[in-house]
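Enquirer: Structure incoming, see below.
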Amino acid sequence: MSVHGRPVSQLEKDIRADLGFRAVPITEEQRHQFSPGPRTTMFRIPEFKWSPMHQRLLTDLLFALESDVHAWRSHCTKSVMDFVNSNENIIFVHNTIHLISQMVDNIIIACGGILPLLSAATSPSTVKTELENIEATQGMSSETAITFLSRLMVMVDVLVFSSSLNFSEIEAEKNMSSGGLMRQCLRLVCCVAVRNCLEFRQRHNNRTQEILQNAVTCKTSGEAGPTNLSPIKDPDRLLQDVDINRLRAVVFRDVDDSKQAQFLALAVVYFISVLMVSKYRDILEPQCEPGKMSCQLGRSVRQEINSPTSKETPLSFTSSKDIFLPSEDLHIETSLPHTDSGIGDEQVASILNGSGLDHKVGGVSAVNELISTLSSEVKKSQEILSEPSNVEVLKSSSSVLSISQSKKGINVKEILKSLVAAPLEGVEAGLEPVSFPDSAAKAQAVLPVQFQSFDRSVVVPVKKTSPGSFAVNTLGSSSTSTSPGLSSCSTPNIFAAASATPKSMINTTGAAEAASASASSSTSFVNGVTSKSLPAVQTVAPMPEDTVENMSITTKLERALEKVAPLLREIFVDFAPFLSRTLLGSHGQELLIEGLVCMKSSTSVVELVMLLCSQEWQNSIQKNAGLAFIELINEGRLLCHAMKDHIVRVANEAEFILNRQRAEDVHKHAEFESGCAQYAADRKEEEKMCDHLISAAKHRDHVTANQLKQKIVNILTNKHGAWGIPCQSQLHDFWRLDYWEDDLRRRRRFVRNPFGSTHLDVACKSSQEYALKEEKVVKSKIVFRSPTLASQNPETELVLDGEDDNVSLLHEKEMDNVGGPVVLSSSAQLVAPVLVARGTLSITTSEIYFEVDEDDPAFKRVDPEVLVYTDGLHGKWMFSEIRAVFSRHYLLQNTAMEVFMANRTSVMFNFLDQATVKKVVYCLPRVGVGTSYGLPQARRISLATPRQLFKSSNMTQRWQRREISNFEYLMFLNTIAGRTYNDLNQYPVFPWVLTNYDSEELDLTLPGNFRDLSKPVGGLNPKRAAFYSERYESGEEDQTPPYHYDSHYSTAATTLHWLVRIEPFTTFFLGANDNKFDHPDRTFSAITRSWRNCQRDTSDVKELIPEFYYLPEMFVNSNGYHLGMREDGTMICDVDLPAWAKKPEDFVRINRMALESEFVSCQLHQWIDLIFGYKQRGPEAVRALNVFHHLTYEGSVSLDSIADPLLREATEAQIQSFGQTPSQLLIEPHPPRSSAMHLCFLPQSPLMFKDQMQQDVIMVLKFPSNSPVTHVAANTLPHLTIPAVVTVTCSRLFAVNRWHNTVGLRGAPGYSLEQAHHLPIEMDSLVANNTGSNKRQITDLVDQSIQITTHCFVVTADNRYILVCGFWDKSFRVYSSETGKLTQIIFGHWDVVTCLARSESYIGGDCYIVSGSRDATLLLWYWSGRHHIIGDNPNHGDYPAPRAVLTGHDQEVVCVSVCAELGLVISGAKEGPCLVHTITGDLLRALEGPDNYQCPRLISVSSEGHCIIYYERGRFCNFSINGKLLAQMEVNDSTRAILLSSDGHNLVTGGDNGVVEVWQACDFRQLYIYPGCDAGIRAMDLSHDQRTLITGMASGSIVAFNIDFNRWHYEHQNRY
């Protein structure tokens, strides 16, 4: 960019060279800082403009303020001044004045500015020409600006001029400069006064009336001010009365503040002098042709202070002719900063900026920032300067400029005209401001100005001054050249610099101080506006001689100035001391003294005007008073600019804050929206959940209703039901294995199967199908071989999950259940034997719900026949029913959970991840893994790893001490290792223990008949072991780790293979095998054949399942399936048993005996090492020939890490087909079991009989009463409060006979003679002394028809309560054994209750009570061990409800037995078969004996599944719990009492013969006969240790027998 064709950089160089500046290179940073191009501001806010919104806001604000003031004016008693000066309005007044202060200077500039207006008012040219150039600035029209100006003026009249407030307080409070408010008021008054003058001239000049009508108005609307009337009351007057009064008020309001008042007076003197002389000129030369006036200040003085990037153009003042003024020296120096703002002696203080007057505000940088943004430009200048005017900095050493000017003579009239002349348009300003890089100096900005003196000879020589001073010198006409760019007719520019001080006071040096200041003209330079830019006090010729015309001039002058002249005189008089020192002549003489003498001698206006027109006065006023006025004007400009800067800054900050708030609002809105969306989603999910729960409840209700309907139909249509026909017999009854588990987790109970079938339409597989299947398996293995599934190092697999072996969570705080309808809801899979159903698990505060997703494609593909055997698809489980919770693995992932219920079933769920399992467990009750394993009932136990459970449990020690059987211990290991009935891939594993399946007899004393349990099945045959070892050594070529076996000892296929003959496994098998049975040669058809295959077939290493040791039904094809014909022509039906087993029950019994044998006990720990222990994996597994495919081990693969769904599906299929190894429970050898011989002499050991020479009878206890003892209850456990044998006689007299647990028996270690004296039973003292028999007698009358038998009484397990039946009111009753008092009466039957029975008790003493009646029904009741009543709720103890009603008998019920462990109630009526019910009320079956076995009298059921029934005339039957008659016999005794040993193997009977006999329960083989007694036996019971048999005799005594079932143990017999 260039200026007048010259490059900027060259121009700068020229300026610096010509003016003598030091050449300082400009850095890139500074070049960028002063870049002429458009630059982006820090914020987006543009420069300040009065927008319509601003104007509307200001209008409304002023209207509100004016309304308040108007309300004050209209008050009836108080004056406005009272309100203004009132203390209660002080804040309002202060704030309003502050608002006015902020607005005044801006509005003045918007009106055109005081100088342009004053120039227009004093110009001899037409108003039109002048006012055309006063443009609307800052976006506000002049009309609006004038309206605001007048409204502000009215407010000032009221709040400032009429009030007595001290403004110093406001100025201090609002951080304003001292005295600034009054200076602002003066500017406001001057502006309004000049506008009034212009308005008069506008009206006076008809030619421009129409044009100016819309441009210059005083008030535009009624809203704009209090009145629409023009303020011009007298158009002939120079100033109106109101303006004069305001000027007087400004000067004299704070006259006490001398310096401030002096400054204001000086400015007013200048203002009035200019106007008076101008008026005089107008009167003198009314016909002056405006065209001759070539300099118009109004056009040239246009202050642009809006934009910090506006251009700077020099002000030019030239004469109308080519004149050369004589040069004179003038020094204007800047003094150090002053703290006052007045005009002192011999100095005129010039305030550089308004804010600089206050110490608190501004500072160097603030001052510089304000000053640097000032600029001025000629409206139509041909020169547009490119340098930005931001900060034009000079060095702290003020440089010296030399300017020359020619001089010529000029007449007075022309000088008068030129005094107020504006510069010519088109005058070139050849130089531009020089920018210096020393921004650190923070010097003030420079404005180039061409100016002209009052004097005809203005020569301003230039002298160099010291740094920090301010100098303006002019050179004489002898200078050889002018600066570049100056035309010959123009005066040169002046560059001046002020030092960077917060407040620069510009002192004018008087004659006494500076001899060189001989010229009377002052050329001061303040903030870019010189005193020469002011309208001059014009030089006017002396008054002509008196003529008629002159008289009219005098009259006009008097008329025009009669009001304003007194004000000027008043100021001259009041401020005489100050003004006399200030207004000095050209030779330093005091002008005011002479003037005051003149004014005192005459009051005429003419003299005053003549005085002002004199050359000395003009020079002095222009030099001194003009300096004050220009300072006043410049302060206004600075304040205006500061206000706009402040507005922009506040706007920037506001926008920044608003943007931040907007961003926050957007963020909050987004958060709100997301919250709403989340809330809506949650509500939708909740509604979905509610719908889901409702639909699930409907499904459940439907299922329950169907079950209930089926139950009712079964009860009614049963052969023994109300609608049944006694002779009816269905062609085929179908049965299925129930999911009920006993205490050892055996599933033995069969229930009716309404969906049963013979599957006659099902074919068997052909050989070719197996070939195809094997090809598929090989292909899938090939597909599956992937490096991503490489096995972990076996060493790292030893510690799963990185958890410590010990349960380290002992002190973990248990979380309480949180409230709410649905505590947790999660997607889950129900894991059933051959089905995994996706659905939703929901947990409330008291229940678990599962609802299957019936729309799931996988679920739709499931065979409906499989679904009917799957419980829980629409399941609901109460928290009160939960007994144990285990964490489980599914597909080798630790993401499943199994819950065991009180109804002895379990349900298994798989979740997305382990974290969900933890959440679910913490929502369930604190039950741990139950009470069986010696572990605390805590949630941390449910979440413990299998290894932690194993370490923490006491079961291993109990097994070592032989307190639990091998079977029970193996079931424990399977359970904690994750084996479950709900996942056929993780079915419990049991070992083969026998090897002899061929001989006719099996000798369990021969070691050769037992398997070597230290080797896996694959290692038993040496030849096959070599094959497997070679396979491992050769390994596979791919990345699969080497293994011995490609099949597993436990898979879903092998489980179904074993159980194919019983439902629901038959249906499961068919569902998994394309609805076909196995090829006959592959079907499980003979135990011998299966064992042989396990020894010879390289792909068969199957172990057994627990059913081999308890479920004979699995070997019988009871449903008549067509399983095909083997190649040798043999039809397959039942499983062929070994020769030594005549029937399935024999095989199961002997197999179980072998499992419990000493040979197995001694080496079972080695098999545990292989399956659950340290030989399961790692180097020990390699040595033990026990390595399986790597995908059978936990930790070998993480399914979540497999992204490819096809690969994941293939992996899952492989895991399903390969089988799954149980969790590893220990990484060191398992301890062996203690030997039987080692334990045989320990006290109370149940294993070996001690001394066969012991007496059979221990003691006889005879009661005082001779009434037969009809009931004996031996509750002798040591932990009871009162271990005792409770007896009840026929006369209903009971005795609580204390039991003494003897430490040892004769011949045993620890036996002593002292202990021998303590007999085991001590007679009840109340009965023995016959003193408290009232506490032992049940006096309530029983029905006379009732025969008192042992069935009429039940004693609770803690000996504290006795239940008695047979009462005439059809009730049975509860009595306290301590007091004999009645505690509860239970009604429910429609006839007399004839028999009672109690189930075994569990922890807490809870048990089932069954009552049988003559009404042919039985009621099942619940005894609460906690409340000691029948029923759950003690508040309703009088009216408990039975748990079930059992029907089917058609005669009086006479005997009943209940087994809680099996969930069965077996009852017999006077005649007819015994019936088997479940404890839920379902009639399972009738136990029908041979033809003459029709009248049952006694029933005993063992947990081992034997049901012994005694019929009349000495007939006995042994039924299995599934209704099969196992044995029968007849004896020659009328038996009154029968008893089964705890293991169910032995039966004890006694009757009228008085002989106690011991039988083998399975086949009624007699084992022992005790010596006969002298009376019949009516009742009997065994002590808790199975060592003492107590019989109740018909003679009223009890007899204690020594009994030791171990003496008849099978291991002491030779052959079976």
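Every chain in the structure tokens has a letter given in the order shown (A, B, ...), and although residue numbers restart at 1 in each chain, ligands are simply numbered from 1 in the order shown.
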Please report, as a tab-separated table, each residue of segment 963-1017 of chain A lying at most 10 Å from segment 903-907 of chain A, together with the nearest pair of atoms and the separation in Å rounded to one decimal; use only C-alpha atoms, and order rows by chain and ascending residue number.
Expert:
residue	atom	partner	partner_atom	distance
A:Thr980	CA	A:Ser906	CA	9.1
A:Tyr981	CA	A:Ser906	CA	8.6
A:Asn982	CA	A:Val907	CA	7.1
Enquirer: Using only N, CA and C atoms, please write the residues we just selected to a file, as a PDB file, in the first residue's frame.
Expert:
ATOM      1  N   THR A 980     -23.359 -80.266  38.103  1.00  0.00           N
ATOM      2  CA  THR A 980     -24.767 -79.968  38.353  1.00  0.00           C
ATOM      3  C   THR A 980     -25.659 -80.830  37.478  1.00  0.00           C
ATOM      4  N   TYR A 981     -26.837 -81.128  37.997  1.00  0.00           N
ATOM      5  CA  TYR A 981     -27.831 -81.871  37.204  1.00  0.00           C
ATOM      6  C   TYR A 981     -28.433 -80.993  36.109  1.00  0.00           C
ATOM      7  N   ASN A 982     -28.255 -79.673  36.215  1.00  0.00           N
ATOM      8  CA  ASN A 982     -28.904 -78.775  35.255  1.00  0.00           C
ATOM      9  C   ASN A 982     -28.130 -78.623  33.955  1.00  0.00           C
TER      10      ASN A 982
END
Enquirer: Which residues are near segment 620-622 of chain A? Cut-off 7 Å, only C-alpha atoms, ignore same chain within fewer than 2 positions. Put them as a list in words.
Expert: Tyr270, Ala536, Val537, Leu583, Leu584, Gly585, Glu616, Trp617, Gln618, Asn624, Ala625 and Gly626 of chain A
Enquirer: Export, as a JSON list (two decimals), in the first residue's frame, the selected residues with C-alpha atoms.
Expert:
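Written out: again20.json:
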[["chain", "number", "residue", "atom", "x", "y", "z"],
["A", 270, "TYR", "CA", -13.62, 31.93, 26.04],
["A", 536, "ALA", "CA", -10.82, 32.57, 17.25],
["A", 537, "VAL", "CA", -11.99, 35.66, 19.13],
["A", 583, "LEU", "CA", -5.04, 37.01, 30.72],
["A", 584, "LEU", "CA", -1.73, 38.74, 30.01],
["A", 585, "GLY", "CA", -0.87, 40.92, 27.10],
["A", 616, "GLU", "CA", -4.31, 42.20, 22.92],
["A", 617, "TRP", "CA", -7.50, 40.77, 24.37],
["A", 618, "GLN", "CA", -8.07, 38.58, 21.37],
["A", 624, "ASN", "CA", -5.06, 31.30, 27.56],
["A", 625, "ALA", "CA", -8.81, 30.88, 27.76],
["A", 626, "GLY", "CA", -8.79, 28.92, 24.51]]
Enquirer: May I ask for the distance between atom CA of Ile1403 of chain A and atom CA of Val917 of chain A, given in Å to one decimal place?
Expert: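 It comes out at 28.6 Å.
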Enquirer: DSSP on the backbone, then: every residue of segment 525-754 of chain A marked alpha helix (DSSP H), written as a VMD selection string.
Expert: chain A and resid 548 to 561 564 to 574 576 to 582 591 to 601 605 to 613 615 to 620 626 to 717
Enquirer: From the options A:His1189, A:His720, A:His1300, A:Arg939, which residue's atoms come nearest to Val1476 of chain A, counting only C-alpha atoms?
Expert: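 Once distances to Val1476 of chain A are computed over only C-alpha atoms, the minimum belongs to A:His720.
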Enquirer: I'd like to know which of A:Asp701, A:Asp1563, A:Asp1581, A:Glu1228 is closest to Met1529 of chain A, using only C-alpha atoms.
Expert: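 Nearest candidate to Met1529 of chain A out of A:Asp701, A:Asp1563, A:Asp1581, A:Glu1228: A:Asp1563.
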Enquirer: Would you mind listing what lies within 8 Å of Pro1016 of chain A as an mmCIF file with C-alpha atoms, in the first residue's frame, with only C-alpha atoms counted and same-chain residues fewer than 2 positions away left out?
Expert:
data_model
loop_
_atom_site.group_PDB
_atom_site.id
_atom_site.type_symbol
_atom_site.label_atom_id
_atom_site.label_comp_id
_atom_site.auth_asym_id
_atom_site.auth_seq_id
_atom_site.Cartn_x
_atom_site.Cartn_y
_atom_site.Cartn_z
ATOM 1 C CA LEU A 1013 -8.313 -95.945 41.569
ATOM 2 C CA SER A 1014 -4.866 -94.393 41.234
ATOM 3 C CA GLY A 1018 -7.698 -94.932 30.112
ATOM 4 C CA GLY A 1019 -4.681 -96.132 32.058
ATOM 5 C CA LEU A 1020 -6.131 -99.353 33.456
ATOM 6 C CA TRP A 1167 -9.058 -90.928 42.172
ATOM 7 C CA LEU A 1170 -7.101 -87.344 39.111
ATOM 8 C CA ALA A 1184 -0.611 -89.790 35.369
ATOM 9 C CA LEU A 1185 -1.772 -90.231 31.743
ATOM 10 C CA ASN A 1186 -4.606 -87.835 32.474
#
Enquirer: Enumerate as a list of chain:residue names all residues of segment 883-1038 of chain A assigned to strand (DSSP E) by DSSP on the backbone, naming them with the chain letters and numbers the document uses.
Expert: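 Matching residues for strand (DSSP E) in segment 883-1038 of chain A are A:Arg883, A:Ala884, A:Val885, A:Phe886, A:Ser887, A:Arg888, A:His889, A:Tyr890, A:Gln893, A:Asn894, A:Thr895, A:Ala896, A:Met897, A:Glu898, A:Val899, A:Phe900, A:Met901, A:Ser906, A:Val907, A:Met908, A:Phe909, A:Asn910.
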Enquirer: Rounded to one decimal place, report the atom CA of Asp1574 of chain A-atom CA of Val1260 of chain A distance in Å.
Expert: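 Answer for the atom CA of Asp1574 of chain A to atom CA of Val1260 of chain A separation: 11.6 Å.
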Enquirer: Residues near segment 165-171 of chain A, anyone? I mean within 12 Å using only C-alpha atoms, not counting same-chain ones fewer than 5 positions away, as a PyMOL selection string.
Expert: chain A and resi 81-87+89-99+101-102+158-160+176-183+185+253-254+256-257+260+354-355+357-361
Enquirer: Quick one: residues within 8 Å of Gly1505 of chain A, only C-alpha atoms counted, chain neighbours fewer than 5 positions away excluded, as a ChimeraX atom specification?
Expert: /A:1462,1520-1521,1544
